[in-house]
Amino acid sequence: ADTKTIGVSIPAADHGWTSGVVYHANRVAQLLMKEHPGLKVIVKTSPDPATQANALQDLETQGIDALVILPTDPDPLVNAIKEVKGKGKFVSIVDRAPSSNDNSVRDLYVAGNNPALGQVAGEYIKKNSPEAQVVVIRGLPIPIDQQRQDGFDKAIAGSKVKVLDRQFGNWNRDDAFKVMQDFLTKYPKIDVVWCQDDDMAVGVLQAIEQAKRTDIKYVIGGAGSKDMIKKVMDGDKMIPVDVLYPPSMVGTAMELTAAAIYDQIPVHGTYTLDATLVTKDNAKGYYFPDSPF
Amino acid sequence: MSINSGGEATTIRRRSWRDVDLRAVAPFAALALLIIIGALVNPNFISITNLANVATRSAFIAIIAVGATFVISSGDLDLSVGSMVAFVASLMILFMNSGVIADPGLMLAAAMVLTVVIGSLCGLANGLITTVGRIEPFIATLGTMGIYRGLTTWLSQGGAITLRSSELQSLYRPAYFGSVLGLPVPILVILIVTAIAAFILYRTRYGRHVTAVGSSRDVARYSGIAVNRVRTIAFIIQGLCVAIAVLLYVPRLGSTSATTGILWELQAITAVVVGGTALKGGAGRVWGTICGAFILELVGNIMLLSNFISEYLIGAIQGSIIIIAMLVQRSLTRKA
Amino acid sequence: MSINSGGEATTIRRRSWRDVDLRAVAPFAALALLIIIGALVNPNFISITNLANVATRSAFIAIIAVGATFVISSGDLDLSVGSMVAFVASLMILFMNSGVIADPGLMLAAAMVLTVVIGSLCGLANGLITTVGRIEPFIATLGTMGIYRGLTTWLSQGGAITLRSSELQSLYRPAYFGSVLGLPVPILVILIVTAIAAFILYRTRYGRHVTAVGSSRDVARYSGIAVNRVRTIAFIIQGLCVAIAVLLYVPRLGSTSATTGILWELQAITAVVVGGTALKGGAGRVWGTICGAFILELVGNIMLLSNFISEYLIGAIQGSIIIIAMLVQRSLTRKA
Amino acid sequence: MTRDGEEALAPVLSAERVSKSFGEVQVLFSVDFDMLPGEIHALVGENGAGKSTLVKILSGFESPTSGRLLLDGEPVSLPANGAAEALGIILIHQEFNLAEHLTVTESLFLGREVTRFGVLDRRFMRAETRRILDMLGSHVDEDALISSLAVADKQMVEIAKAISRDARVIFMDEPTAVLSREETEILFDQVRKLRAKGTSFVFVTHKLNEVMELTDRVTVLRDGQWIKTAPTRLLDSDAIAQLMVGRELSSLYPAKHEPDVDEEIVLSVRGLSTGYVKDVSFDLRKGEVLGFSGLIGSGRTEIMEAITGLRSRLSGEVLVHGTPLAADDFMEGVRRGLAYMTKDRKGRGLLLEEGMTANLTLQSLGRHVRYGYLDPASEREAMARAKRRFDIRVRDDRVRVGRMSGGNQQKLMLAKVMETGPKIIIIDEPTRGIDVGTKQQIYHFIAALAREGCSVIVVSSEMPEVIGLCTRVAVMREGHLVGMLEGDDINEQTIMRYAAGLRRQAS
Ligand SMILES: Nc1ncnc2c1ncn2[C@@H]1O[C@H](COP(=O)(O)OP(=O)(O)OP(=O)(O)O)[C@@H](O)[C@H]1O
Ligand SMILES: Nc1ncnc2c1ncn2[C@@H]1O[C@H](COP(=O)(O)OP(=O)(O)OP(=O)(O)O)[C@@H](O)[C@H]1O
Ligand SMILES: [Mg+2]
Ligand SMILES: [Mg+2]
């Protein structure tokens, strides 16, 4: 068969969700290489945009035919991606889109839906506790975090849901624990915590438990880690739902890319994945006990 | 000559009193100032619960910083402590998950011993690379920082390592969330660790040697002190302190990940310096270090409790406050 | 005495050649070793494109590290450079987005001048806080690190700041991607910056003063050197180098965010130390620094090109390689 | 101690055919040396003769390249790094060996702390320290930080440290270099007491009168070679000096050169006060050599530093050629021809990690700038000139200054200060740790400067130096200028009476 190389550039596993990305990228890489005997898939992780730009160059040095990239931070990487694209390679961007996301930058865009992740959470709160006082724990100050906030704000706009406070928890359990402790000190009554990420939810739950506060009705995380999905499945009162943001989307993109370079199927444009609301009823379908996330 | 001897002696005593004591008091003054500011910012601040929360959560950094006081006093630096926390905690949880010992109590005890041993070994490794390998501690521990962090990422496959047995979890939980005579366990641990550290640093031969080695390697060597041994032991003490911090950390969230302890090394060093220990070695101030750790934690707490600071600016204000705290400390020491 | 002086002189020259030159040569030996390893790992490694890529992308750290060589030689430390990059770059892009100057060429020129001015001012601020405020540079610049990073987060409102005008972008692009006589612009800039820095450090009065201040503040003062001025200027040079790095950084990615330049300070310091400059101050080795920056970048490159290392372990291996490089350097200096 | 006694006793510690090389530079050539129980043995020689090296070998801080050491007649290899203390062999280093962050008590007991049940017995150690310091007549506070002590006090702490240990042999490498006469007396008393108890001393010094006064035997080294060992009473200072330098020395002090009374006043100090110094006024004429005498800590250094701008003034003014000199601006003074040479060679004078040239030109780099950059050739030239002018002798041109012998460091420091081309020169302890031959050179150099129209202030704790060199002598006591002596008044007794506060001139 034809020998081809696909380069996959993803963020280093620095928190739960990205570790899921790494897991799925490696899983699908094995699958694809089995499926297409001449295919080589190289998966590389990078902790920050500058390093990722370097990784792109290094992948090119190895002579790739296609690139699948999940950018750590899209805008700073546009030029580097264009550089690859400019050499005629097939480029798929996953999840995080640069502000100018058109054909000049990539061939394929597999989108996780960041605004929807916020929006679904917001709508759930609006529907189930319309007068809720909410505290928000954000991630890191980068654009995807901003998009999630915007989606959330859009969803609750005009309702009586009130955001008491927002602070950064850096997608880190320990920081989320601290921030939640202080929220609990600051506000005598909190109804709902939206922390947009299941890793941070771990810290939030511990802080609430420690304070023995009963006013908090529930916590909404996001992404769909196996621990949180399990809680939803078991009917935990504090975690009634989870908003899906599957790290497996990188695998989807890799499969589509392989299809594009092998089968010459015209794969172009944007594939948007849903931000599914995981409830007790559908949780079973999203539970992967073997994944690290 | 003998006539003015009385006068000379007193001036000298007065001078050294100024030098030593006020510098030691300054961090506590800064702490008091912060508490006042906090009380003005938000009435909830001064509540027992909040202050206990802050003190409790400062435990990790405080205990690690106590170890760092030894390393820094002896003229070295350890940048690897943050990733060492992640590494040691991961191994502890993996051991408890392995289920090699059936009885939960025994298992927990064994895990704790193991943790202490691993922590000390990590410290030993740092110490040997620095002293026997004769590499600048900054670089040596930057290297081991990468190694410990990398191994943790590999152990966790980039994800989290979570304590599985709920029985162990509930058995272990009080080690962080419990309290003795109304005093939260972590605060108790801070006090005990600091008291022991102060005793070692000020009241034992080893402590004296740490100061001497930090003040001048050559003088120490010429006084028959085994300089490399003293330095290595300081690193081991640091490792031990990290292990103790891990013993408190694991029961809190029952899990670790590759991001556990990121940047804790900078926080620990900052706590040590804010507490009045000079980075170039020499005199170590253990109680000051604890105070420094509280200050750092309080600054964050006050900022979160205040309603007028944009969440985007928190880092900037935190930086400014540290600088201002140091300036206040300087001017206090100079004037009085 | 006169009889054996001839013989002595030659033996002496041989000894000091060992002492001085081998320490300077050691980083280059380590670099050569790495290149050989790289060639074994992947045949693509040794290609001109790849080596040019690595050299080009090491430009940011290399240029910043040249500034750090001044600060470290004069006995200080600057931890704020990483966030300073983010801050200065943000301001540069915001200025270009503001559109106050219509002509793109003029606008670009003005923006570059502005960048250099802002970088120097940031360095000046660090210098004044450290010297006039008499705060340990570690803490002072840890504080300003928080401030610059916080201001960047606030400027970007947590998102990214992207150069909007595509005209400006394409005008500016060659500053990173272009090449002069086959030499990529960033490599050219590294060489120019280093040559100037080496000239300043070794051939001017100021450079000599930097070394003196770094070896002993007191001796410098008693030799009539304005110690604080020398230190502050070193910080300004550092700021200037950061600005130059920004001038190359902005055309590359055309955008910045609050996470730009995170941990670059540690990389820059590592480059300086791997290059043979001691952290406690004194003699600085500018060319060694550049070599150190290449080494760091090469390690990452080799790891990426080799396909047998688990991505989880990259950090661990990187750490080990740094330690091994330092050990090799030590043993080279000791043996030969 | 009689000659007969000497022969009967077996040496405690001896060196046989000891040689030492650093790298390939040999500094000791097959030296023999022995110490009898209860004797005080002087070790003398020019700067760089290898005295410190020999003493370090005998106390285990260096190991000999060849030859052997005998302890009680048995060959030994001494343990390194001061561990020989356990054998009762102790060295007081020529350069201070104290950690700045420790207190006096902590320093005294460093490495052999007294503990009870593993806990430091601080009370006992403090009391013991006080006792020893009192015995030495030192007023140093036992809790003072070393960093807060004056140079002389540090030396006393070093001596206390050595005396406090149970020693069989004590090596003292120039212990009196920074001590005043009084303190030296006290030290000698203690040494004699210990000698009576059977302790042996090796006493390295450049002050030959002290050799005559205290010691039983003398060994002379020259260029790393053993020259002679003889009982002190068979020699006199001139004979020793001649053995040291290998030629006959003309008179130590040059002829004094009195400036004319109507000679221009180049430096005028009016009512100068600092924290410790109170209301000091004096004038300095062109071509004059003015001495400053006084006890240790009388404030001489402080006043000089205030004049030059290295230390802040509280009040008063300084006029150079009639125009005021700005306070706190050392460089302005240098520009106007005022130079200051510190007495703290190691801490303030020289960059120990750097080479000689970098040190020499550090203060005068402006002279070597061509088209904006430093001209190495011009610096090399300056170095060669300085080596000739000040007779700086090193065996290795690129040696780090920290490894040069003390005397050569001193000469280099003087050369460094003179590079600025000053007209008014303040020299603090000009001959600290310098051999007689070099001393003579420096004295003649100072006299020559004065004849050429420079004005010199010599701050010195060595009374003969002030007396032999200066045409006027100012005496300081407790921060006050208590006397300005001229002519016949310049003698040891009169100076001493002013310094001790028994007399005072109305100002
Ligand atoms: N560690 C060393 N490395 C190289 N050379 C050294 C070292 N120590 C001493 N020397 C050289 O050995 C020679 C003898 O030095 P030493 O210090 O023994 O002289 P000294 O007789 O004590 O002189 P002084 O009276 O000036 O103290 C000098 O030329 C000195 O430069
Ligand atoms: N009674 C005192 N009160 C305050 N300071 C004192 C007192 N006695 C001595 N000092 C200190 O001693 C210093 C004066 O010593 P200085 O070195 O100027 O004297 P010196 O005559 O040059 O003696 P030395 O031979 O030690 O150099 C001052 O800086 C002062 O701080
Ligand atoms: Mg000597
Ligand atoms: Mg003096």
# chains A, B, ... in the order shown; residues from 1 in each chain; ligands from 1

$ residues_near_ligand --ligand "ligand 1" --cutoff "6 Å" --atoms "only C-alpha atoms and all ligand atoms" --output "list in words"
Phe22, Val27, Glu46, Asn47, Gly48, Ala49, Gly50, Lys51, Ser52, Thr53, Val394, Arg395, Arg403, Met404, Ser405, Gly406 and Gly407 of chain D

$ residues_around --residues "A:Asp48" --least-positions-apart "2" --cutoff "10 Å" --atoms "only C-alpha atoms" --output "VMD selection string"
(chain A and resid 10 to 12 45 to 46 50 to 53 71 to 73) or (chain C and resid 259 to 263)

$ residues_near_ligand --ligand "ligand 2" --cutoff "10 Å" --atoms "only C-alpha atoms and all ligand atoms" --output "JSON list (two decimals) with N, CA, C and O atoms, in the first residue's frame"
[["chain", "number", "residue", "atom", "x", "y", "z"],
["B", 4, "ASN", "N", 36.17, 52.80, 78.59],
["B", 4, "ASN", "CA", 35.00, 52.89, 77.72],
["B", 4, "ASN", "C", 34.43, 51.53, 77.34],
["B", 4, "ASN", "O", 33.54, 51.43, 76.53],
["B", 5, "SER", "N", 34.94, 50.51, 77.96],
["B", 5, "SER", "CA", 34.50, 49.19, 77.52],
["B", 5, "SER", "C", 33.02, 48.98, 77.78],
["B", 5, "SER", "O", 32.33, 48.36, 76.99],
["B", 6, "GLY", "N", 32.55, 49.51, 78.92],
["B", 6, "GLY", "CA", 31.13, 49.33, 79.22],
["B", 6, "GLY", "C", 30.27, 49.92, 78.12],
["B", 6, "GLY", "O", 29.39, 49.27, 77.58],
["B", 7, "GLY", "N", 30.58, 51.17, 77.77],
["B", 7, "GLY", "CA", 29.79, 51.84, 76.75],
["B", 7, "GLY", "C", 29.78, 51.10, 75.43],
["B", 7, "GLY", "O", 28.74, 50.89, 74.82],
["B", 8, "GLU", "N", 30.94, 50.63, 75.03],
["B", 8, "GLU", "CA", 31.03, 49.93, 73.76],
["B", 8, "GLU", "C", 30.14, 48.68, 73.73],
["B", 8, "GLU", "O", 29.41, 48.45, 72.79],
["B", 9, "ALA", "N", 30.24, 47.94, 74.82],
["B", 9, "ALA", "CA", 29.50, 46.68, 74.85],
["B", 9, "ALA", "C", 28.02, 46.92, 74.67],
["B", 9, "ALA", "O", 27.35, 46.23, 73.90],
["B", 10, "THR", "N", 27.48, 47.94, 75.35],
["B", 10, "THR", "CA", 26.04, 48.15, 75.23],
["B", 10, "THR", "C", 25.66, 48.58, 73.83],
["B", 10, "THR", "O", 24.69, 48.10, 73.28],
["B", 11, "THR", "N", 26.46, 49.48, 73.22],
["B", 11, "THR", "CA", 26.06, 49.90, 71.88],
["B", 11, "THR", "C", 26.05, 48.71, 70.95],
["B", 11, "THR", "O", 25.19, 48.56, 70.12],
["B", 12, "ILE", "N", 27.03, 47.86, 71.13],
["B", 12, "ILE", "CA", 27.08, 46.71, 70.24],
["B", 12, "ILE", "C", 25.88, 45.82, 70.47],
["B", 12, "ILE", "O", 25.24, 45.37, 69.54],
["B", 14, "ARG", "N", 23.02, 46.72, 71.55],
["B", 14, "ARG", "CA", 21.84, 47.36, 71.01],
["B", 14, "ARG", "C", 21.80, 47.17, 69.49],
["B", 14, "ARG", "O", 20.79, 46.85, 68.91],
["B", 15, "ARG", "N", 22.95, 47.33, 68.86],
["B", 15, "ARG", "CA", 22.98, 47.22, 67.42],
["B", 15, "ARG", "C", 22.56, 45.82, 66.97],
["B", 15, "ARG", "O", 21.74, 45.65, 66.09],
["D", 148, "SER", "N", 29.27, 42.34, 62.40],
["D", 148, "SER", "CA", 29.23, 43.68, 62.97],
["D", 148, "SER", "C", 30.57, 44.04, 63.64],
["D", 148, "SER", "O", 30.70, 45.11, 64.20],
["D", 149, "LEU", "N", 31.54, 43.15, 63.58],
["D", 149, "LEU", "CA", 32.79, 43.41, 64.29],
["D", 149, "LEU", "C", 33.80, 44.16, 63.43],
["D", 149, "LEU", "O", 33.81, 44.01, 62.21],
["D", 150, "ALA", "N", 34.64, 44.93, 64.11],
["D", 150, "ALA", "CA", 35.75, 45.58, 63.42],
["D", 150, "ALA", "C", 36.83, 44.53, 63.15],
["D", 150, "ALA", "O", 36.85, 43.47, 63.78],
["D", 151, "VAL", "N", 37.71, 44.87, 62.21],
["D", 151, "VAL", "CA", 38.74, 43.92, 61.79],
["D", 151, "VAL", "C", 39.53, 43.38, 62.98],
["D", 151, "VAL", "O", 39.75, 42.17, 63.12],
["D", 152, "ALA", "N", 39.93, 44.29, 63.87],
["D", 152, "ALA", "CA", 40.78, 43.87, 64.98],
["D", 152, "ALA", "C", 40.02, 42.92, 65.89],
["D", 152, "ALA", "O", 40.57, 41.94, 66.41],
["D", 153, "ASP", "N", 38.73, 43.21, 66.08],
["D", 153, "ASP", "CA", 37.94, 42.34, 66.94],
["D", 153, "ASP", "C", 37.81, 40.95, 66.34],
["D", 153, "ASP", "O", 37.82, 39.94, 67.03],
["D", 154, "LYS", "N", 37.69, 40.91, 65.02],
["D", 154, "LYS", "CA", 37.62, 39.60, 64.37],
["D", 154, "LYS", "C", 38.90, 38.83, 64.65],
["D", 154, "LYS", "O", 38.88, 37.64, 64.93],
["D", 178, "VAL", "N", 46.81, 43.17, 62.44],
["D", 178, "VAL", "CA", 45.81, 44.23, 62.57],
["D", 178, "VAL", "C", 45.62, 44.63, 64.03],
["D", 178, "VAL", "O", 44.66, 45.31, 64.37],
["D", 179, "LEU", "N", 46.52, 44.18, 64.90],
["D", 179, "LEU", "CA", 46.33, 44.50, 66.31],
["D", 179, "LEU", "C", 47.16, 45.72, 66.70],
["D", 179, "LEU", "O", 48.21, 45.98, 66.11],
["D", 180, "SER", "N", 46.68, 46.42, 67.71],
["D", 180, "SER", "CA", 47.46, 47.53, 68.23],
["D", 180, "SER", "C", 48.44, 46.98, 69.24],
["D", 180, "SER", "O", 48.40, 45.81, 69.62],
["D", 274, "THR", "N", 30.32, 62.12, 61.95],
["D", 274, "THR", "CA", 29.52, 61.02, 61.43],
["D", 274, "THR", "C", 28.83, 60.41, 62.64],
["D", 274, "THR", "O", 28.79, 61.02, 63.70],
["D", 275, "GLY", "N", 28.32, 59.22, 62.47],
["D", 275, "GLY", "CA", 27.65, 58.58, 63.60],
["D", 275, "GLY", "C", 28.56, 58.48, 64.81],
["D", 275, "GLY", "O", 28.16, 58.75, 65.94],
["D", 276, "TYR", "N", 29.82, 58.14, 64.59],
["D", 276, "TYR", "CA", 30.72, 57.86, 65.70],
["D", 276, "TYR", "C", 31.74, 58.98, 65.88],
["D", 276, "TYR", "O", 32.06, 59.37, 67.00],
["D", 277, "VAL", "N", 32.19, 59.50, 64.75],
["D", 277, "VAL", "CA", 33.21, 60.54, 64.80],
["D", 277, "VAL", "C", 32.56, 61.90, 65.09],
["D", 277, "VAL", "O", 31.53, 62.22, 64.53],
["D", 292, "PHE", "N", 47.91, 59.32, 61.15],
["D", 292, "PHE", "CA", 46.77, 59.23, 62.04],
["D", 292, "PHE", "C", 46.99, 58.03, 62.94],
["D", 292, "PHE", "O", 47.07, 56.90, 62.46],
["D", 293, "SER", "N", 47.08, 58.30, 64.23],
["D", 293, "SER", "CA", 47.32, 57.22, 65.16],
["D", 293, "SER", "C", 46.15, 57.12, 66.12],
["D", 293, "SER", "O", 45.30, 58.01, 66.17],
["D", 294, "GLY", "N", 46.13, 56.06, 66.88],
["D", 294, "GLY", "CA", 45.03, 55.88, 67.84],
["D", 294, "GLY", "C", 44.81, 54.41, 68.06],
["D", 294, "GLY", "O", 45.37, 53.57, 67.36],
["D", 295, "LEU", "N", 43.99, 54.13, 69.05],
["D", 295, "LEU", "CA", 43.71, 52.72, 69.33],
["D", 295, "LEU", "C", 42.74, 52.18, 68.29],
["D", 295, "LEU", "O", 42.12, 52.93, 67.55],
["D", 296, "ILE", "N", 42.64, 50.88, 68.31],
["D", 296, "ILE", "CA", 41.69, 50.24, 67.41],
["D", 296, "ILE", "C", 40.28, 50.73, 67.69],
["D", 296, "ILE", "O", 39.88, 50.84, 68.85],
["D", 297, "GLY", "N", 39.55, 51.04, 66.67],
["D", 297, "GLY", "CA", 38.18, 51.48, 66.86],
["D", 297, "GLY", "C", 38.09, 52.92, 67.30],
["D", 297, "GLY", "O", 37.05, 53.37, 67.77],
["D", 298, "SER", "N", 39.17, 53.69, 67.14],
["D", 298, "SER", "CA", 39.10, 55.07, 67.57],
["D", 298, "SER", "C", 38.44, 55.95, 66.51],
["D", 298, "SER", "O", 38.21, 57.12, 66.72],
["D", 299, "GLY", "N", 38.14, 55.38, 65.36],
["D", 299, "GLY", "CA", 37.36, 56.11, 64.36],
["D", 299, "GLY", "C", 38.17, 56.66, 63.21],
["D", 299, "GLY", "O", 37.68, 57.48, 62.45],
["D", 300, "ARG", "N", 39.39, 56.19, 63.07],
["D", 300, "ARG", "CA", 40.23, 56.73, 62.00],
["D", 300, "ARG", "C", 39.69, 56.34, 60.62],
["D", 300, "ARG", "O", 39.56, 57.18, 59.72],
["D", 301, "THR", "N", 39.35, 55.07, 60.49],
["D", 301, "THR", "CA", 38.84, 54.61, 59.21],
["D", 301, "THR", "C", 37.54, 55.34, 58.87],
["D", 301, "THR", "O", 37.31, 55.77, 57.74],
["D", 302, "GLU", "N", 36.71, 55.49, 59.90],
["D", 302, "GLU", "CA", 35.42, 56.11, 59.65],
["D", 302, "GLU", "C", 35.58, 57.55, 59.15],
["D", 302, "GLU", "O", 34.90, 57.96, 58.21],
["D", 303, "ILE", "N", 36.51, 58.29, 59.74],
["D", 303, "ILE", "CA", 36.67, 59.68, 59.30],
["D", 303, "ILE", "C", 37.21, 59.74, 57.88],
["D", 303, "ILE", "O", 36.76, 60.55, 57.06],
["D", 304, "MET", "N", 38.11, 58.85, 57.55],
["D", 304, "MET", "CA", 38.67, 58.85, 56.19],
["D", 304, "MET", "C", 37.59, 58.48, 55.17],
["D", 304, "MET", "O", 37.53, 59.05, 54.09],
["D", 305, "GLU", "N", 36.76, 57.54, 55.53],
["D", 305, "GLU", "CA", 35.70, 57.16, 54.60],
["D", 305, "GLU", "C", 34.69, 58.29, 54.44],
["D", 305, "GLU", "O", 34.12, 58.48, 53.37],
["D", 306, "ALA", "N", 34.49, 59.04, 55.52],
["D", 306, "ALA", "CA", 33.56, 60.17, 55.41],
["D", 306, "ALA", "C", 34.15, 61.26, 54.53],
["D", 306, "ALA", "O", 33.45, 61.89, 53.73],
["D", 311, "ARG", "N", 31.21, 57.19, 53.08],
["D", 311, "ARG", "CA", 30.33, 57.09, 54.22],
["D", 311, "ARG", "C", 29.62, 58.44, 54.38],
["D", 311, "ARG", "O", 30.20, 59.47, 54.05],
["D", 342, "THR", "N", 41.77, 51.15, 51.08],
["D", 342, "THR", "CA", 41.16, 50.53, 52.25],
["D", 342, "THR", "C", 42.12, 49.58, 52.93],
["D", 342, "THR", "O", 43.08, 49.10, 52.33],
["D", 343, "LYS", "N", 41.84, 49.29, 54.20],
["D", 343, "LYS", "CA", 42.68, 48.32, 54.90],
["D", 343, "LYS", "C", 42.12, 46.92, 54.73],
["D", 343, "LYS", "O", 42.76, 45.94, 55.06],
["D", 344, "ASP", "N", 40.87, 46.82, 54.23],
["D", 344, "ASP", "CA", 40.22, 45.51, 54.11],
["D", 344, "ASP", "C", 40.45, 44.97, 52.70],
["D", 344, "ASP", "O", 39.61, 45.08, 51.83],
["D", 428, "ASP", "N", 45.14, 53.54, 54.37],
["D", 428, "ASP", "CA", 44.75, 52.96, 55.64],
["D", 428, "ASP", "C", 45.59, 51.71, 55.84],
["D", 428, "ASP", "O", 45.51, 50.77, 55.05],
["D", 429, "GLU", "N", 46.39, 51.68, 56.87],
["D", 429, "GLU", "CA", 47.28, 50.55, 57.17],
["D", 429, "GLU", "C", 48.10, 50.15, 55.93],
["D", 429, "GLU", "O", 47.86, 49.12, 55.33],
["D", 459, "VAL", "N", 47.16, 56.24, 57.81],
["D", 459, "VAL", "CA", 46.47, 55.76, 59.00],
["D", 459, "VAL", "C", 47.14, 54.47, 59.37],
["D", 459, "VAL", "O", 47.25, 53.57, 58.55],
["D", 460, "SER", "N", 47.63, 54.39, 60.60],
["D", 460, "SER", "CA", 48.36, 53.18, 60.94],
["D", 460, "SER", "C", 48.26, 52.86, 62.42],
["D", 460, "SER", "O", 48.21, 53.76, 63.25],
["D", 461, "SER", "N", 48.23, 51.58, 62.70],
["D", 461, "SER", "CA", 48.25, 51.15, 64.09],
["D", 461, "SER", "C", 49.66, 50.82, 64.54],
["D", 461, "SER", "O", 49.88, 50.50, 65.68],
["D", 462, "GLU", "N", 50.58, 50.88, 63.59],
["D", 462, "GLU", "CA", 51.97, 50.59, 63.95],
["D", 462, "GLU", "C", 52.67, 51.90, 64.27],
["D", 462, "GLU", "O", 52.98, 52.69, 63.39],
["D", 475, "VAL", "N", 46.18, 62.28, 66.59],
["D", 475, "VAL", "CA", 45.82, 61.15, 67.43],
["D", 475, "VAL", "C", 44.31, 61.16, 67.68],
["D", 475, "VAL", "O", 43.75, 62.19, 68.04],
["D", 476, "MET", "N", 43.69, 60.03, 67.44],
["D", 476, "MET", "CA", 42.24, 59.93, 67.61],
["D", 476, "MET", "C", 41.93, 59.09, 68.84],
["D", 476, "MET", "O", 42.67, 58.17, 69.19],
["D", 477, "ARG", "N", 40.84, 59.46, 69.49],
["D", 477, "ARG", "CA", 40.37, 58.65, 70.60],
["D", 477, "ARG", "C", 38.85, 58.73, 70.66],
["D", 477, "ARG", "O", 38.27, 59.80, 70.71],
["D", 478, "GLU", "N", 38.23, 57.61, 70.63],
["D", 478, "GLU", "CA", 36.77, 57.50, 70.73],
["D", 478, "GLU", "C", 36.05, 58.49, 69.83],
["D", 478, "GLU", "O", 35.12, 59.18, 70.26],
["D", 479, "GLY", "N", 36.50, 58.60, 68.62],
["D", 479, "GLY", "CA", 35.80, 59.43, 67.65],
["D", 479, "GLY", "C", 36.20, 60.89, 67.67],
["D", 479, "GLY", "O", 35.71, 61.68, 66.87]]

$ interface_residues --of "chain B" --to "chain A" --cutoff "7 Å" --atoms "only C-alpha atoms" --output "compact mmCIF listing (two decimals) with N, CA, C and O atoms, in the first residue's frame"
# COMPACT_ATOMS: atom_id res chain seq x y z
N ASN B 44 -16.70 39.09 56.77
CA ASN B 44 -16.57 37.64 56.91
C ASN B 44 -15.13 37.20 57.09
O ASN B 44 -14.86 36.12 57.58
N ASN B 50 -13.16 31.36 58.38
CA ASN B 50 -12.33 31.80 57.27
C ASN B 50 -10.86 31.74 57.62
O ASN B 50 -10.05 31.21 56.87
N GLN B 157 -0.59 8.44 33.27
CA GLN B 157 -0.92 8.50 31.84
C GLN B 157 -1.59 9.84 31.53
O GLN B 157 -2.54 9.91 30.76
N GLY B 158 -1.10 10.88 32.16
CA GLY B 158 -1.59 12.21 31.90
C GLY B 158 -2.88 12.54 32.62
O GLY B 158 -3.30 13.69 32.66
N GLY B 159 -3.51 11.57 33.19
CA GLY B 159 -4.79 11.85 33.85
C GLY B 159 -4.63 11.96 35.35
O GLY B 159 -3.62 12.44 35.84
N ALA B 160 -5.66 11.55 36.05
CA ALA B 160 -5.62 11.64 37.50
C ALA B 160 -5.39 10.26 38.09
O ALA B 160 -5.71 9.25 37.47
N PHE B 177 -9.35 16.79 57.25
CA PHE B 177 -10.56 17.53 57.63
C PHE B 177 -10.85 17.48 59.13
O PHE B 177 -11.69 18.21 59.61
N LEU B 253 -8.19 15.62 48.62
CA LEU B 253 -8.97 15.36 47.41
C LEU B 253 -8.95 13.89 47.03
O LEU B 253 -9.65 13.46 46.12
N ALA B 258 -1.16 15.12 37.02
CA ALA B 258 0.12 15.65 36.57
C ALA B 258 0.25 17.13 36.88
O ALA B 258 1.34 17.69 36.81
N THR B 259 -0.85 17.79 37.23
CA THR B 259 -0.75 19.23 37.51
C THR B 259 -0.62 19.53 38.99
O THR B 259 -0.50 20.69 39.38
N ASN B 301 -6.76 35.14 49.55
CA ASN B 301 -8.06 35.09 50.21
C ASN B 301 -8.73 36.47 50.23
O ASN B 301 -9.90 36.61 49.85
N LEU B 304 -10.05 37.47 46.87
CA LEU B 304 -11.27 36.79 46.47
C LEU B 304 -12.47 37.32 47.24
O LEU B 304 -13.59 37.39 46.72
N LEU B 305 -12.24 37.69 48.49
CA LEU B 305 -13.36 38.16 49.30
C LEU B 305 -13.73 39.60 48.97
O LEU B 305 -14.84 40.03 49.25
N GLU B 311 -11.31 39.93 38.15
CA GLU B 311 -10.60 38.66 38.27
C GLU B 311 -9.37 38.61 37.39
O GLU B 311 -8.46 37.84 37.63
